[in-house]
$ cat coords_25.txt   # compact mmCIF, C-alpha atoms
# COMPACT_ATOMS: atom_id res chain seq x y z
CA MET Y 213 112.77 77.54 151.80
CA THR Y 214 109.07 77.84 152.64
CA LEU Y 215 108.59 80.44 155.37
CA PRO Y 216 106.35 79.86 158.40
CA ALA Y 217 103.30 82.08 159.09
CA GLN Y 218 104.07 85.79 159.13
CA ILE Y 219 104.28 87.75 162.39
CA THR Y 220 103.77 91.18 160.84
CA ALA Y 221 100.20 92.28 160.08
CA THR Y 222 98.41 90.33 157.34
CA THR Y 223 97.96 92.51 154.27
CA ARG Y 224 94.30 92.99 153.38
CA ASP Y 225 93.07 93.58 149.82
CA THR Y 226 90.59 96.19 151.05
CA GLY Y 227 90.30 99.30 153.23
CA ALA Y 228 93.35 101.20 154.48
CA ASP Y 229 95.78 98.50 153.30
CA ALA Y 230 94.47 98.77 149.72
CA VAL Y 231 94.70 102.60 149.74
CA ALA Y 232 98.24 102.41 151.20
CA ALA Y 233 99.24 99.93 148.47
CA ALA Y 234 97.81 102.22 145.75
CA THR Y 235 99.70 105.15 147.33
CA ARG Y 236 102.91 103.09 147.17
CA ARG Y 237 102.33 102.52 143.42
CA LEU Y 238 101.84 106.29 143.08
CA ILE Y 239 105.08 107.05 145.01
CA ASP Y 240 106.97 104.69 142.71
CA ALA Y 241 105.55 106.33 139.58
CA VAL Y 242 106.27 109.85 140.93
CA VAL Y 243 109.91 109.06 141.75
CA ARG Y 244 110.41 107.36 138.39
CA ALA Y 245 108.80 110.13 136.36
CA GLY Y 246 110.65 113.15 137.81
CA SER Y 247 110.58 116.03 135.34
CA ALA Y 248 108.69 113.88 132.80
CA MET Y 249 105.58 114.88 134.86
CA ASP Y 250 106.17 118.63 134.46
CA ALA Y 251 103.35 119.25 131.97
CA LEU Y 252 100.88 117.22 134.05
CA ALA Y 253 101.95 118.59 137.43
CA GLY Y 254 99.21 121.19 137.93
CA ASP Y 255 96.43 118.71 137.19
CA LEU Y 256 98.08 115.98 139.29
CA VAL Y 257 98.46 118.27 142.32
CA ALA Y 258 94.81 119.36 142.04
CA ALA Y 259 93.60 115.73 141.74
CA LEU Y 260 95.77 114.53 144.64
CA ASP Y 261 94.72 117.43 146.88
CA ARG Y 262 91.05 116.62 146.14
CA LEU Y 263 91.63 113.00 147.24
CA SER Y 264 93.54 114.12 150.37
CA ALA Y 265 90.69 116.49 151.28
CA GLU Y 266 88.16 113.67 150.82
CA ILE Y 267 90.20 111.41 153.12
CA ASP Y 268 90.79 114.25 155.62
CA ALA Y 269 87.07 114.94 155.88
CA GLY Y 270 86.48 111.53 157.47
CA ALA Y 271 89.77 111.18 159.34
CA PRO Y 272 90.16 111.61 163.11
CA ASP Y 273 92.67 114.14 164.45
CA SER Y 274 96.21 112.89 165.13
CA SER Y 275 95.71 112.33 168.91
CA THR Y 276 92.59 110.24 168.39
CA ARG Y 277 94.26 108.24 165.63
CA MET Y 278 97.32 107.68 167.82
CA ALA Y 279 95.14 106.41 170.66
CA ASP Y 280 93.32 104.14 168.19
CA ILE Y 281 96.60 102.71 166.93
CA TRP Y 282 97.95 101.97 170.40
CA THR Y 283 94.84 100.60 172.03
CA SER Y 284 93.93 98.16 169.24
CA ALA Y 285 95.63 95.63 166.98
CA GLY Y 286 96.46 98.62 164.78
CA HIS Y 287 99.89 99.06 166.33
CA ARG Y 288 101.24 96.44 163.96
CA ARG Y 289 99.77 98.21 160.90
CA HIS Y 290 101.11 101.78 161.13
CA ASP Y 291 104.92 101.82 161.22
CA PRO Y 292 107.21 103.03 158.39
CA CYS Y 293 108.92 99.63 157.95
CA CYS Y 294 106.26 96.87 158.04
CA GLY Y 295 103.08 98.95 158.32
CA THR Y 296 100.48 97.68 155.86
CA GLU Y 297 98.56 100.98 156.35
CA ASN Y 298 101.67 103.17 155.88
CA PRO Y 299 102.59 104.03 152.26
CA ILE Y 300 106.17 104.87 153.32
CA ALA Y 301 106.74 101.27 154.50
CA PRO Y 302 108.09 99.00 151.69
CA PRO Y 303 106.30 97.07 153.50
CA LEU Y 304 108.57 94.37 154.92
CA VAL Y 305 106.78 91.11 155.84
CA LEU Y 306 108.46 89.17 158.67
CA HIS Y 307 108.21 85.53 159.73
CA GLN Y 308 109.44 83.71 162.84
CA LEU Y 309 111.47 80.51 162.51
CA ALA Y 310 111.40 77.61 164.98
CA ASP Y 311 114.61 78.83 166.66
CA GLY Y 312 112.88 82.15 167.51
CA SER Y 313 114.76 84.21 164.93
CA VAL Y 314 112.93 86.50 162.53
CA ILE Y 315 113.28 86.60 158.72
CA GLY Y 316 111.83 88.59 155.85
CA ARG Y 317 112.50 89.09 152.13
CA LEU Y 318 111.82 92.10 149.96
CA VAL Y 319 112.83 93.96 146.82
CA LEU Y 320 113.26 97.76 146.96
CA GLY Y 321 112.87 100.21 144.07
CA LEU Y 322 113.89 103.80 143.26
CA PRO Y 323 112.11 105.53 146.20
CA TYR Y 324 114.61 103.84 148.56
CA GLN Y 325 117.75 104.73 146.54
CA GLY Y 326 120.89 106.22 148.10
CA PRO Y 327 124.00 105.86 145.87
CA PRO Y 328 123.43 104.89 142.22
CA GLY Y 329 121.40 101.66 142.02
CA LEU Y 330 121.80 100.98 145.74
CA VAL Y 331 119.59 101.06 148.79
CA HIS Y 332 120.15 104.17 150.97
CA GLY Y 333 122.25 103.32 154.05
CA GLY Y 334 119.57 104.93 156.22
CA ILE Y 335 116.88 102.66 154.73
CA SER Y 336 119.04 99.60 155.55
CA ALA Y 337 119.25 101.02 159.09
CA LEU Y 338 115.44 101.38 159.22
CA LEU Y 339 114.91 97.76 158.09
CA LEU Y 340 117.42 96.46 160.65
CA ASP Y 341 116.36 98.60 163.61
CA HIS Y 342 112.78 97.46 163.11
CA THR Y 343 113.57 93.77 162.54
CA LEU Y 344 115.94 93.52 165.52
CA GLY Y 345 113.32 95.29 167.64
CA LEU Y 346 110.66 92.82 166.53
CA ALA Y 347 112.95 89.85 167.28
CA ASN Y 348 113.29 91.25 170.82
CA SER Y 349 109.57 91.70 171.10
CA ARG Y 350 108.88 88.14 169.90
CA ALA Y 351 111.39 86.82 172.47
CA GLY Y 352 108.91 87.99 175.09
CA THR Y 353 110.01 91.50 176.08
CA PRO Y 354 109.70 94.46 173.74
CA GLY Y 355 112.00 97.44 174.22
CA VAL Y 356 113.14 100.71 172.70
CA THR Y 357 116.45 101.01 170.84
CA ALA Y 358 119.26 102.33 173.06
CA ASP Y 359 122.32 101.56 170.97
CA LEU Y 360 122.58 100.38 167.37
CA ARG Y 361 125.73 99.59 165.43
CA LEU Y 362 125.64 99.01 161.70
CA ARG Y 363 128.50 97.68 159.59
CA TYR Y 364 128.09 98.19 155.86
CA LEU Y 365 130.17 95.41 154.33
CA ARG Y 366 128.83 95.28 150.76
CA PRO Y 367 126.50 97.49 148.72
CA VAL Y 368 122.78 96.63 149.02
CA PRO Y 369 121.34 96.59 145.48
CA LEU Y 370 117.93 97.91 144.40
CA PHE Y 371 115.69 95.57 142.37
CA SER Y 372 117.23 92.45 144.01
CA GLU Y 373 115.80 90.15 146.68
CA LEU Y 374 117.11 91.16 150.09
CA THR Y 375 116.92 88.81 153.08
CA ILE Y 376 116.60 90.49 156.48
CA THR Y 377 117.26 88.39 159.58
CA ALA Y 378 117.39 89.11 163.32
CA ARG Y 379 117.55 87.29 166.63
CA ARG Y 380 117.65 88.02 170.35
CA LEU Y 381 121.14 87.32 171.70
CA SER Y 382 120.51 87.70 175.46
CA ALA Y 383 118.59 89.59 178.12
CA GLU Y 384 120.03 90.98 181.35
CA GLY Y 385 117.33 92.62 183.44
CA ARG Y 386 115.91 95.45 181.30
CA LYS Y 387 118.77 95.18 178.78
CA LEU Y 388 118.00 93.23 175.62
CA PHE Y 389 120.69 92.38 173.08
CA ALA Y 390 119.95 91.50 169.47
CA GLU Y 391 121.75 91.11 166.15
CA GLY Y 392 120.81 90.78 162.52
CA ALA Y 393 121.78 91.31 158.90
CA ILE Y 394 120.72 92.17 155.37
CA SER Y 395 121.98 89.58 152.89
CA VAL Y 396 121.83 89.08 149.15
CA ASP Y 397 122.43 85.63 147.61
CA GLY Y 398 123.69 84.36 150.98
CA GLU Y 399 126.30 87.12 151.40
CA VAL Y 400 125.96 89.57 154.29
CA CYS Y 401 125.75 93.18 153.06
CA VAL Y 402 124.93 95.00 156.32
CA GLN Y 403 125.46 93.61 159.81
CA ALA Y 404 123.68 95.08 162.85
CA GLU Y 405 123.88 94.62 166.60
CA GLY Y 406 122.30 96.58 169.35
CA LEU Y 407 120.91 97.11 172.80
CA TRP Y 408 117.22 97.60 173.58
CA ILE Y 409 115.71 98.64 176.93
CA THR Y 410 112.33 97.42 178.16
CA THR Y 411 110.14 100.43 178.90
CA PRO Y 412 106.43 100.63 179.79
CA ARG Y 413 104.88 102.30 176.76
CA THR Y 414 103.19 105.09 178.71
CA ARG Y 415 106.69 106.05 179.90
CA TYR Y 416 107.72 106.87 176.32
CA ARG Y 417 105.61 110.00 176.49
CA PRO Y 418 103.97 110.57 179.87
CA ASP Y 419 101.54 113.06 178.28
CA PHE Y 420 99.99 110.16 176.36
CA GLU Y 421 98.80 108.34 179.47
CA ASP Y 422 95.62 110.43 179.48
CA ILE Y 423 95.04 109.78 175.76
CA PHE Y 424 95.35 106.02 176.32
CA ASP Y 425 93.12 106.04 179.40
CA GLU Y 426 90.45 107.99 177.55
CA ALA Y 427 90.56 105.63 174.55
CA GLN Y 428 90.33 102.56 176.80
CA GLU Y 429 87.30 104.02 178.59
CA LYS Y 430 85.54 104.71 175.28
CA ARG Y 431 86.03 101.06 174.31
CA GLN Y 432 84.49 99.71 177.55
CA MET Q 197 119.35 131.84 164.66
CA THR Q 198 118.98 132.68 160.96
CA LEU Q 199 120.32 129.82 158.88
CA PRO Q 200 122.65 130.36 155.90
CA ALA Q 201 121.67 129.32 152.36
CA GLN Q 202 120.55 125.72 152.07
CA ILE Q 203 122.80 123.03 150.54
CA THR Q 204 120.04 120.55 149.78
CA ALA Q 205 118.02 121.06 146.58
CA THR Q 206 115.80 124.15 146.50
CA THR Q 207 112.15 123.15 146.67
CA ARG Q 208 110.21 124.27 143.60
CA ASP Q 209 106.52 125.11 143.64
CA THR Q 210 106.00 123.37 140.32
CA GLY Q 211 106.71 120.12 138.46
CA ALA Q 212 107.96 116.99 140.23
CA ASP Q 213 108.52 118.83 143.54
CA ALA Q 214 104.89 119.97 143.64
CA VAL Q 215 103.58 116.47 142.84
CA ALA Q 216 105.87 114.98 145.50
CA ALA Q 217 104.59 117.54 148.05
CA ALA Q 218 100.96 116.69 147.18
CA THR Q 219 101.81 112.98 147.53
CA ARG Q 220 103.26 113.71 151.00
CA ARG Q 221 99.97 115.38 152.00
CA LEU Q 222 98.17 112.27 150.71
CA ILE Q 223 100.47 109.93 152.70
CA ASP Q 224 99.77 111.93 155.85
CA ALA Q 225 96.00 111.80 155.31
CA VAL Q 226 96.11 108.03 154.55
CA VAL Q 227 98.10 107.20 157.69
CA ARG Q 228 95.85 109.41 159.83
CA ALA Q 229 92.59 108.02 158.42
CA GLY Q 230 93.29 104.29 158.77
CA SER Q 231 90.02 102.35 158.86
CA ALA Q 232 88.04 105.63 158.66
CA MET Q 233 88.69 105.32 154.88
CA ASP Q 234 87.12 101.86 154.59
CA ALA Q 235 83.91 102.98 152.83
CA LEU Q 236 85.88 105.15 150.37
CA ALA Q 237 88.67 102.66 149.75
CA GLY Q 238 87.44 101.20 146.45
CA ASP Q 239 86.97 104.62 144.86
CA LEU Q 240 90.27 105.93 146.26
CA VAL Q 241 92.22 102.97 144.90
CA ALA Q 242 90.63 103.40 141.47
CA ALA Q 243 91.36 107.16 141.43
CA LEU Q 244 94.97 106.70 142.60
CA ASP Q 245 95.62 103.91 140.10
CA ARG Q 246 94.31 106.16 137.29
CA LEU Q 247 96.75 108.90 138.34
CA SER Q 248 99.63 106.41 138.61
CA ALA Q 249 98.82 105.09 135.11
CA GLU Q 250 98.78 108.65 133.74
CA ILE Q 251 102.21 109.34 135.30
CA ASP Q 252 103.56 105.94 134.19
CA ALA Q 253 102.55 106.61 130.58
CA GLY Q 254 105.08 109.47 130.35
CA ALA Q 255 107.73 108.10 132.70
CA PRO Q 256 111.04 106.62 131.54
CA ASP Q 257 111.99 103.10 132.64
CA SER Q 258 113.99 102.75 135.87
CA SER Q 259 117.43 102.45 134.19
CA THR Q 260 116.89 105.58 132.09
CA ARG Q 261 115.61 107.48 135.13
CA MET Q 262 118.58 106.33 137.20
CA ALA Q 263 121.00 107.48 134.52
CA ASP Q 264 119.15 110.84 134.39
CA ILE Q 265 119.41 111.24 138.15
CA TRP Q 266 123.12 110.53 138.28
CA THR Q 267 124.25 112.47 135.21
CA SER Q 268 122.41 115.70 136.08
CA ALA Q 269 121.76 117.94 139.06
CA GLY Q 270 118.91 115.52 139.87
CA HIS Q 271 121.06 113.49 142.23
CA ARG Q 272 120.24 115.96 145.01
CA ARG Q 273 116.49 115.67 144.37
CA HIS Q 274 115.74 111.93 144.55
CA ASP Q 275 116.82 110.50 147.93
CA PRO Q 276 114.46 109.31 150.71
CA CYS Q 277 115.74 111.84 153.28
CA CYS Q 278 116.13 115.25 151.57
CA GLY Q 279 114.79 114.47 148.10
CA THR Q 280 112.36 117.18 147.00
CA GLU Q 281 111.09 114.81 144.26
CA ASN Q 282 110.70 111.84 146.64
CA PRO Q 283 107.38 111.67 148.59
CA ILE Q 284 108.97 109.34 151.18
CA ALA Q 285 111.48 112.07 152.19
CA PRO Q 286 110.15 114.34 154.99
CA PRO Q 287 112.00 116.24 153.24
CA LEU Q 288 114.86 117.45 155.43
CA VAL Q 289 116.39 120.80 154.35
CA LEU Q 290 120.06 121.20 155.29
CA HIS Q 291 122.27 124.28 155.63
CA GLN Q 292 126.04 124.65 156.03
CA LEU Q 293 127.45 126.85 158.79
CA ALA Q 294 130.69 128.85 158.56
CA ASP Q 295 132.59 126.15 160.51
CA GLY Q 296 131.68 123.59 157.80
CA SER Q 297 129.12 121.73 159.91
CA VAL Q 298 125.65 120.96 158.56
CA ILE Q 299 122.32 121.72 160.24
CA GLY Q 300 118.63 121.21 159.50
CA ARG Q 301 115.31 121.47 161.32
CA LEU Q 302 112.09 119.59 160.75
CA VAL Q 303 108.88 118.35 162.33
CA LEU Q 304 107.74 114.77 161.69
CA GLY Q 305 104.16 113.46 161.76
CA LEU Q 306 102.41 110.09 162.05
CA PRO Q 307 103.92 108.42 158.94
CA TYR Q 308 107.31 108.42 160.73
CA GLN Q 309 106.02 107.00 164.06
CA GLY Q 310 107.70 104.11 165.90
CA PRO Q 311 106.66 103.89 169.59
CA PRO Q 312 103.60 105.91 170.70
CA GLY Q 313 104.05 109.58 169.75
CA LEU Q 314 107.73 109.09 168.95
CA VAL Q 315 109.84 109.04 165.82
CA HIS Q 316 110.80 105.49 164.71
CA GLY Q 317 114.41 104.69 165.67
CA GLY Q 318 115.08 103.68 162.06
CA ILE Q 319 113.86 107.06 160.80
CA SER Q 320 116.27 108.80 163.20
CA ALA Q 321 118.97 106.55 161.73
CA LEU Q 322 117.95 107.59 158.19
CA LEU Q 323 118.13 111.31 159.06
CA LEU Q 324 121.54 110.90 160.71
CA ASP Q 325 123.12 108.60 158.12
CA HIS Q 326 122.15 111.05 155.40
CA THR Q 327 123.19 114.22 157.24
CA LEU Q 328 126.57 112.82 158.33
CA GLY Q 329 127.14 111.64 154.76
CA LEU Q 330 126.34 115.10 153.41
CA ALA Q 331 128.69 116.74 155.96
CA ASN Q 332 131.44 114.45 154.60
CA SER Q 333 130.55 115.32 151.05
CA ARG Q 334 130.58 119.08 151.81
CA ALA Q 335 134.01 118.67 153.44
CA GLY Q 336 135.32 117.86 149.96
CA THR Q 337 135.19 114.07 149.65
CA PRO Q 338 131.94 112.13 149.49
CA GLY Q 339 131.89 108.50 150.61
CA VAL Q 340 129.64 105.56 151.35
CA THR Q 341 128.74 104.55 154.91
CA ALA Q 342 130.99 101.77 156.24
CA ASP Q 343 130.21 101.90 159.97
CA LEU Q 344 127.48 103.79 161.82
CA ARG Q 345 126.87 103.84 165.57
CA LEU Q 346 123.71 105.37 167.00
CA ARG Q 347 123.07 106.04 170.68
CA TYR Q 348 119.44 106.70 171.55
CA LEU Q 349 119.64 108.83 174.70
CA ARG Q 350 116.15 110.36 174.84
CA PRO Q 351 112.90 109.74 172.95
CA VAL Q 352 112.50 111.78 169.73
CA PRO Q 353 108.97 113.26 169.75
CA LEU Q 354 106.62 113.58 166.76
CA PHE Q 355 105.07 117.02 166.12
CA SER Q 356 108.07 118.84 167.69
CA GLU Q 357 110.91 120.72 166.02
CA LEU Q 358 113.95 118.48 165.66
CA THR Q 359 117.42 119.87 165.00
CA ILE Q 360 119.77 117.61 163.02
CA THR Q 361 123.48 118.46 163.01
CA ALA Q 362 126.59 116.80 161.58
CA ARG Q 363 130.24 117.52 160.96
CA ARG Q 364 133.32 115.87 159.50
CA LEU Q 365 135.72 114.87 162.28
CA SER Q 366 138.76 113.80 160.26
CA ALA Q 367 139.95 112.13 157.08
CA GLU Q 368 142.72 109.52 156.82
CA GLY Q 369 143.29 108.49 153.22
CA ARG Q 370 139.98 107.02 151.99
CA LYS Q 371 138.57 106.89 155.54
CA LEU Q 372 136.25 109.74 156.53
CA PHE Q 373 134.99 110.17 160.10
CA ALA Q 374 131.90 112.16 160.98
CA GLU Q 375 129.55 112.70 163.91
CA GLY Q 376 126.17 114.28 164.49
CA ALA Q 377 123.00 114.38 166.56
CA ILE Q 378 119.25 114.89 166.68
CA SER Q 379 118.32 117.41 169.40
CA VAL Q 380 115.10 118.86 170.77
CA ASP Q 381 115.14 122.11 172.77
CA GLY Q 382 118.93 121.94 172.97
CA GLU Q 383 119.00 118.41 174.43
CA VAL Q 384 120.61 115.59 172.44
CA CYS Q 385 118.15 112.74 171.77
CA VAL Q 386 120.18 110.59 169.37
CA GLN Q 387 123.94 110.76 168.91
CA ALA Q 388 125.65 109.30 165.83
CA GLU Q 389 129.23 108.68 164.74
CA GLY Q 390 130.56 106.79 161.82
CA LEU Q 391 133.08 105.94 159.18
CA TRP Q 392 132.64 106.62 155.46
CA ILE Q 393 134.86 105.38 152.62
CA THR Q 394 135.50 107.40 149.45
CA THR Q 395 134.49 105.29 146.45
CA PRO Q 396 134.21 106.22 142.74
CA ARG Q 397 130.49 106.05 142.03
CA THR Q 398 130.77 103.66 139.10
CA ARG Q 399 132.43 101.24 141.52
CA TYR Q 400 129.20 101.04 143.57
CA ARG Q 401 127.66 98.96 140.83
CA PRO Q 402 130.05 98.17 137.97
CA ASP Q 403 127.10 97.24 135.74
CA PHE Q 404 126.02 100.89 135.79
CA GLU Q 405 129.13 102.15 134.05
CA ASP Q 406 127.54 101.41 130.65
CA ILE Q 407 124.30 103.17 131.67
CA PHE Q 408 126.25 106.29 132.68
CA ASP Q 409 128.39 106.27 129.54
CA GLU Q 410 125.32 105.95 127.34
CA ALA Q 411 123.52 108.81 129.13
CA GLN Q 412 126.59 111.06 128.83
CA GLU Q 413 126.83 110.32 125.09
CA LYS Q 414 123.18 111.21 124.57
CA ARG Q 415 123.79 114.55 126.26
CA GLN Q 416 126.74 115.47 123.99
$ encode --input "coords_25.txt" --output "structure tokens"
Amino acid sequence: MTLPAQITATTRDTGADAVAAATRRLIDAVVRAGSAMDALAGDLVAALDRLSAEIDAGAPDSSTRMADIWTSAGHRRHDPCCGTENPIAPPLVLHQLADGSVIGRLVLGLPYQGPPGLVHGGISALLLDHTLGLANSRAGTPGVTADLRLRYLRPVPLFSELTITARRLSAEGRKLFAEGAISVDGEVCVQAEGLWITTPRTRYRPDFEDIFDEAQEKRQ
Amino acid sequence: MTLPAQITATTRDTGADAVAAATRRLIDAVVRAGSAMDALAGDLVAALDRLSAEIDAGAPDSSTRMADIWTSAGHRRHDPCCGTENPIAPPLVLHQLADGSVIGRLVLGLPYQGPPGLVHGGISALLLDHTLGLANSRAGTPGVTADLRLRYLRPVPLFSELTITARRLSAEGRKLFAEGAISVDGEVCVQAEGLWITTPRTRYRPDFEDIFDEAQEKRQ
């Protein structure tokens, strides 16, 4: 099946996306090497800390960066599930089908391992919480997770193509219901359903209202 | 409260743990810098890819590494929640109290952000799935997650000390029940309860039985 245009941020070959992708390759090598790196460790730490210091020197503080993320298109680029600028994110790329549901495919390696050869149950939860949340958002009203139930029916293998799906079930006032699943070869491995609540984003953390206002003013 | 000795892997200042810690500092800098890195990106990617290639050159392939992890004490060092050798892991350090329950404290930064200034709901799920699973394991019988229910009662803030707790509730044959929570300043933010099933680890992925056997033979 050819997938329609993606709804998560487009991955760029340059800038922050490229550095995040290189950091993901590093994470994979680090987890795979383990104690095989022991002799190199001192030099690696020194080299990595030099690069971090170089990046730090030009980076804004966390409050400024947070305001930047949330007052620009950057809010789709930062998160730990689909964030093209976040090395922790696999990253999952999601698409929206004609019926409004959301779908994505990805293969996970050793950094995401729980039991032997399997994806960590908490990583499956991360993929599903995010995808169900995005399905809600695409249905017109974003919300924050209030209740999430996950049923682990079959093991989720590493190094295999996973299909993640989600759709809005219904909306009743501020309550948004969604469901989804992780499948492999057409068989459901993890099933998820949950409740989201629409919340104005400045209500998440009232102390951020000032940060947002300030950032908006700077832009004008 | 002084916490008793930790039950997660002790963090070393050298070797894979030190490289993973340096990679975590890099991840934090990368997420904070965003487009402020644009001018440096080409050089950063080249430098990171050189380091990854250097690590790769001495690293075993994924199957060998997986066998190493699961046939040594390394199985407590690799996971994406508490793994001292895994740069994706915050890492969470857990302790066991006299009543058998498990507790840990940590502060999360921008790489773990969901809504503005808050921990991603899926990251809360990862912390809880792992901690409840470890409470089960410490109660004498490890298992794999079969059912997990998360109730998000209050926002979980970034840059604040989170307390993660979990305990085994009961065991009925192969069924293990556990519950836990993420709290801030004594108030529960996310509550979790779930069902785990005891499963021999070679049953997770039958194709791994050969890998384990081979690794054990090599060791003898």
$ residues_around --input "coords_25.txt" --residues "Arg350 of chain Y" --least-positions-apart "4" --cutoff "12 Å" --atoms "all atoms listed in the file" --output "list of chain:residue names"
Y:Ile219, Y:Thr220, Y:Leu306, Y:His307, Y:Gln308, Y:Leu309, Y:Ala310, Y:Asp311, Y:Gly312, Y:Ser313, Y:Val314, Y:Thr343, Y:Leu344, Y:Gly345, Y:Leu346, Y:Pro354, Y:Gly355, Y:Ala378, Y:Arg379, Y:Arg380, Y:Leu388, Y:Ala390
$ closest_residue --input "coords_25.txt" --among "Q:Ala201, Q:Val303, Q:Ala335, Q:Ala218" --to "chain Y" --atoms "only C-alpha atoms"
Q:Ala218
$ closest_residue --input "coords_25.txt" --among "Y:Val356, Y:Leu320, Y:Ala233, Y:Ile267" --to "Pro299 of chain Y" --atoms "all atoms listed in the file"
Y:Ala233
$ atom_distance --input "coords_25.txt" --atom1 "atom CA of Ala214 of chain Q" --atom2 "atom CA of Ala263 of chain Q"
22.3 Å
$ atom_distance --input "coords_25.txt" --atom1 "atom CA of Ala228 of chain Y" --atom2 "atom CA of Pro311 of chain Q"
20.3 Å
$ closest_residue --input "coords_25.txt" --among "Y:Ile315, Y:Ile300, Y:Leu238, Y:Ile409" --to "Arg350 of chain Q" --atoms "all atoms listed in the file"
Y:Ile409
$ atom_distance --input "coords_25.txt" --atom1 "atom CA of Asp261 of chain Y" --atom2 "atom CA of Gly230 of chain Q"
17.8 Å
$ residues_around --input "coords_25.txt" --residues "Pro287 of chain Q" --least-positions-apart "2" --cutoff "7 Å" --atoms "all atoms listed in the file" --output "list in words"
Cys277, Cys278, Gly279, Thr280, Ala285 and Val289 of chain Q
$ residues_around --input "coords_25.txt" --residues "segment 313-316 of chain Q" --least-positions-apart "3" --cutoff "9 Å" --atoms "all atoms listed in the file" --output "PDB file with C-alpha atoms, in the coordinates of the input"
ATOM      1  CA  SER Y 275      95.710 112.330 168.910  1.00  0.00           C
ATOM      2  CA  MET Y 278      97.320 107.680 167.820  1.00  0.00           C
ATOM      3  CA  ASP Y 291     104.920 101.820 161.220  1.00  0.00           C
ATOM      4  CA  PRO Y 292     107.210 103.030 158.390  1.00  0.00           C
ATOM      5  CA  LEU Y 338     115.440 101.380 159.220  1.00  0.00           C
ATOM      6  CA  ASP Y 341     116.360  98.600 163.610  1.00  0.00           C
ATOM      7  CA  HIS Y 342     112.780  97.460 163.110  1.00  0.00           C
ATOM      8  CA  TYR Y 416     107.720 106.870 176.320  1.00  0.00           C
ATOM      9  CA  ARG Y 417     105.610 110.000 176.490  1.00  0.00           C
ATOM     10  CA  PHE Y 420      99.990 110.160 176.360  1.00  0.00           C
TER      11      PHE Y 420
ATOM     12  CA  LEU Q 304     107.740 114.770 161.690  1.00  0.00           C
ATOM     13  CA  GLY Q 305     104.160 113.460 161.760  1.00  0.00           C
ATOM     14  CA  LEU Q 306     102.410 110.090 162.050  1.00  0.00           C
ATOM     15  CA  TYR Q 308     107.310 108.420 160.730  1.00  0.00           C
ATOM     16  CA  GLN Q 309     106.020 107.000 164.060  1.00  0.00           C
ATOM     17  CA  GLY Q 310     107.700 104.110 165.900  1.00  0.00           C
ATOM     18  CA  ILE Q 319     113.860 107.060 160.800  1.00  0.00           C
ATOM     19  CA  SER Q 320     116.270 108.800 163.200  1.00  0.00           C
ATOM     20  CA  ALA Q 321     118.970 106.550 161.730  1.00  0.00           C
ATOM     21  CA  PRO Q 351     112.900 109.740 172.950  1.00  0.00           C
ATOM     22  CA  VAL Q 352     112.500 111.780 169.730  1.00  0.00           C
ATOM     23  CA  PRO Q 353     108.970 113.260 169.750  1.00  0.00           C
ATOM     24  CA  LEU Q 354     106.620 113.580 166.760  1.00  0.00           C
ATOM     25  CA  PHE Q 355     105.070 117.020 166.120  1.00  0.00           C
TER      26      PHE Q 355
END
$ closest_residue --input "coords_25.txt" --among "Q:Pro307, Q:Arg208, Q:Ala269, Q:Gly300" --to "chain Y" --atoms "only C-alpha atoms"
Q:Pro307
$ closest_residue --input "coords_25.txt" --among "Q:Ala388, Q:Ala367, Q:Ala331, Q:Ile378" --to "chain Y" --atoms "all atoms listed in the file"
Q:Ala388
$ closest_residue --input "coords_25.txt" --among "Y:Ala259, Y:Pro216, Y:Leu252, Y:Ala358" --to "chain Q" --atoms "only C-alpha atoms"
Y:Ala358
$ axis_aligned_box --input "coords_25.txt" --around "segment 380-385 of chain Q" --padding-each-side "4 Å" --output "lines of an AutoDock Vina configuration file"
center_x = 117.9
center_y = 117.4
center_z = 172.6
size_x = 13.5
size_y = 17.4
size_z = 11.7
$ residues_around --input "coords_25.txt" --residues "Glu368 of chain Q" --least-positions-apart "5" --cutoff "12 Å" --atoms "all atoms listed in the file" --output "PyMOL selection string"
chain Q and resi 337+373-374+391-394
$ residues_around --input "coords_25.txt" --residues "Asp239 of chain Q" --least-positions-apart "5" --cutoff "10 Å" --atoms "all atoms listed in the file" --output "ChimeraX atom specification"
/Y:231,263 /Q:244-245
$ residues_near_point --input "coords_25.txt" --point "(94.8, 111.4, 156.1)" --cutoff "7 Å" --atoms "all atoms listed in the file" --output "ChimeraX atom specification"
/Y:264,267-268,271 /Q:222-229
$ write_last_selection --input "coords_25.txt" --atoms "C-alpha atoms" --output "mmCIF file, keeping the file's coordinate frame"
data_model
loop_
_atom_site.group_PDB
_atom_site.id
_atom_site.type_symbol
_atom_site.label_atom_id
_atom_site.label_comp_id
_atom_site.auth_asym_id
_atom_site.auth_seq_id
_atom_site.Cartn_x
_atom_site.Cartn_y
_atom_site.Cartn_z
ATOM 1 C CA SER Y 264 93.540 114.120 150.370
ATOM 2 C CA ILE Y 267 90.200 111.410 153.120
ATOM 3 C CA ASP Y 268 90.790 114.250 155.620
ATOM 4 C CA ALA Y 271 89.770 111.180 159.340
ATOM 5 C CA LEU Q 222 98.170 112.270 150.710
ATOM 6 C CA ILE Q 223 100.470 109.930 152.700
ATOM 7 C CA ASP Q 224 99.770 111.930 155.850
ATOM 8 C CA ALA Q 225 96.000 111.800 155.310
ATOM 9 C CA VAL Q 226 96.110 108.030 154.550
ATOM 10 C CA VAL Q 227 98.100 107.200 157.690
ATOM 11 C CA ARG Q 228 95.850 109.410 159.830
ATOM 12 C CA ALA Q 229 92.590 108.020 158.420
#
